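Heads up, the thing below is written out as structure tokens.
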Amino acid sequence: GFVNVMSSGTKRVSIKEQAKIYRPAGNKYANYFNIEPDDLIFCVRHQITLDSEPLAIEDIYVPKDVLPKLEVVNSSVFTIKDIAFYGIEISSMQQTMEIIDGTSKIKKLLDIPNGVALIMLSCDYWDNNGRAIAYSRSFIRSDRTSFTIQLHE
């Protein structure tokens, strides 16, 4: 959703795939997805730019058994909402926003000046059976971003 809103403005947003791999889930993601630590998960990292300047890094994690052919998908145009194309329906999601200092690696990738905080958006996705099917985390420059939340009754 963050990228879609940015794209609707007058500035040019682009997404570049930085990495796309399968790896063992390990204990952390095995517990999260309720799978075995040796089961494979798909990991993708995108760099999002706004008018050719670094704006955000997005990491997406999906179990291989959820999207077994994801390695052939162009992840620069893939959004987690497109998962319905594979017959999987997202029934609920939860997003959390935190202000963090960030790691030196993320700060370097985003060319962040000293004293600028990061906005970290974490998003959990579940299917109709209550199974966790994806997790994403975005690190966004706070000096180039603002958020508006609008609720309707």
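If you're wondering about the labels, chains in the structure tokens are A, B, ... by order shown, residues count from 1 in each chain, ligands from 1 in order shown.
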- From a DSSP pass on the backbone, collect the residues of chain A flagged as helix (DSSP H, G or I) and hand them back as a VMD selection string. chain A and resid 2 to 7 26 to 33 70 to 72 80 to 86 104 to 109 142 to 144
- Message: Taking 4 positions as the minimum chain separation for residues in the same chain, which residues sit within 8 Å of region 124-132 of chain A when counting only C-alpha atoms? Answer as a list in words.
- Response: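 What passes the distance filter is Tyr32, Phe33, Asn34, Ile88, Glu89, Ile90, Ser91, Ser92, Met93, Gln94, Gln95 and Ser136 of chain A.
Neighbouring residues of region 57-60 of chain A at 6 Å or closer, counting only C-alpha atoms and skipping chain neighbours under 2 positions away, are Cys43, Val44, Arg45, His46, Gln47, Tyr135, Ser136, Arg137, Ser138 and Phe139 of chain A.
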Counting only C-alpha atoms, which residues of region 25-55 of chain A sit at most 12 Å from some atom of region 97-114 of chain A, and what is each one's closest atom pair with its distance in Å to one decimal, listed by chain and rising residue number, as JSON lines?
{"residue": "A:Arg45", "atom": "CA", "partner": "A:Ile106", "partner_atom": "CA", "distance": 11.6}
{"residue": "A:His46", "atom": "CA", "partner": "A:Leu109", "partner_atom": "CA", "distance": 11.0}
{"residue": "A:Gln47", "atom": "CA", "partner": "A:Leu109", "partner_atom": "CA", "distance": 8.4}
{"residue": "A:Ile48", "atom": "CA", "partner": "A:Leu110", "partner_atom": "CA", "distance": 9.3}
{"residue": "A:Thr49", "atom": "CA", "partner": "A:Leu110", "partner_atom": "CA", "distance": 9.1}
{"residue": "A:Leu50", "atom": "CA", "partner": "A:Leu110", "partner_atom": "CA", "distance": 11.3}
{"residue": "A:Ser52", "atom": "CA", "partner": "A:Leu110", "partner_atom": "CA", "distance": 11.5}
{"residue": "A:Glu53", "atom": "CA", "partner": "A:Leu110", "partner_atom": "CA", "distance": 8.4}
{"residue": "A:Pro54", "atom": "CA", "partner": "A:Leu110", "partner_atom": "CA", "distance": 5.1}
{"residue": "A:Leu55", "atom": "CA", "partner": "A:Leu110", "partner_atom": "CA", "distance": 6.4}
Restrict the selected residues to C-alpha atoms and save them as a JSON list (two decimals), in the first residue's frame.
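For reference, part.json as written:
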[["chain", "number", "residue", "atom", "x", "y", "z"],
["A", 45, "ARG", "CA", 14.54, -7.25, -0.98],
["A", 46, "HIS", "CA", 13.43, -4.21, -2.95],
["A", 47, "GLN", "CA", 14.92, -0.74, -3.04],
["A", 48, "ILE", "CA", 12.27, 1.90, -3.62],
["A", 49, "THR", "CA", 13.32, 5.23, -5.09],
["A", 50, "LEU", "CA", 11.43, 8.48, -5.41],
["A", 52, "SER", "CA", 15.70, 8.41, -8.51],
["A", 53, "GLU", "CA", 16.66, 9.04, -4.85],
["A", 54, "PRO", "CA", 16.61, 6.18, -2.29],
["A", 55, "LEU", "CA", 13.44, 6.24, -0.21]]
- Do you know which residues are at most 10 Å from region 38-42 of chain A counting only C-alpha atoms, after dropping those on the same chain fewer than 3 positions away, and could you put them as a VMD selection string? chain A and resid 20 to 27 29 to 30 33 35 60 to 71 134
- Task: Apply DSSP to the structure's backbone, then extract all residues of region 79-127 of chain A labelled strand (DSSP E) and return them as a PyMOL selection string.
- Result: chain A and resi 90-100+118-127
- Item | Between CA of Val13 (chain A) and CA of Asp51 (chain A), distance in Å (one decimal) | 6.3 Å
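Taking only C-alpha atoms into account, Leu121 (chain A) lies nearest to A:Thr96 out of the set A:Thr96, A:Pro37, A:Ile133, A:Gln18.
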- Item | Coordinates-based distance that separates CA of Ala19 (chain A) from CA of Ser146 (chain A) (Å, one decimal) | 26.9 Å
- Just the residues within 6 Å of region 141-144 of chain A, please, counting only C-alpha atoms, with nothing from its chain fewer than 3 positions along; format it as a PyMOL selection string. chain A and resi 55+117-119
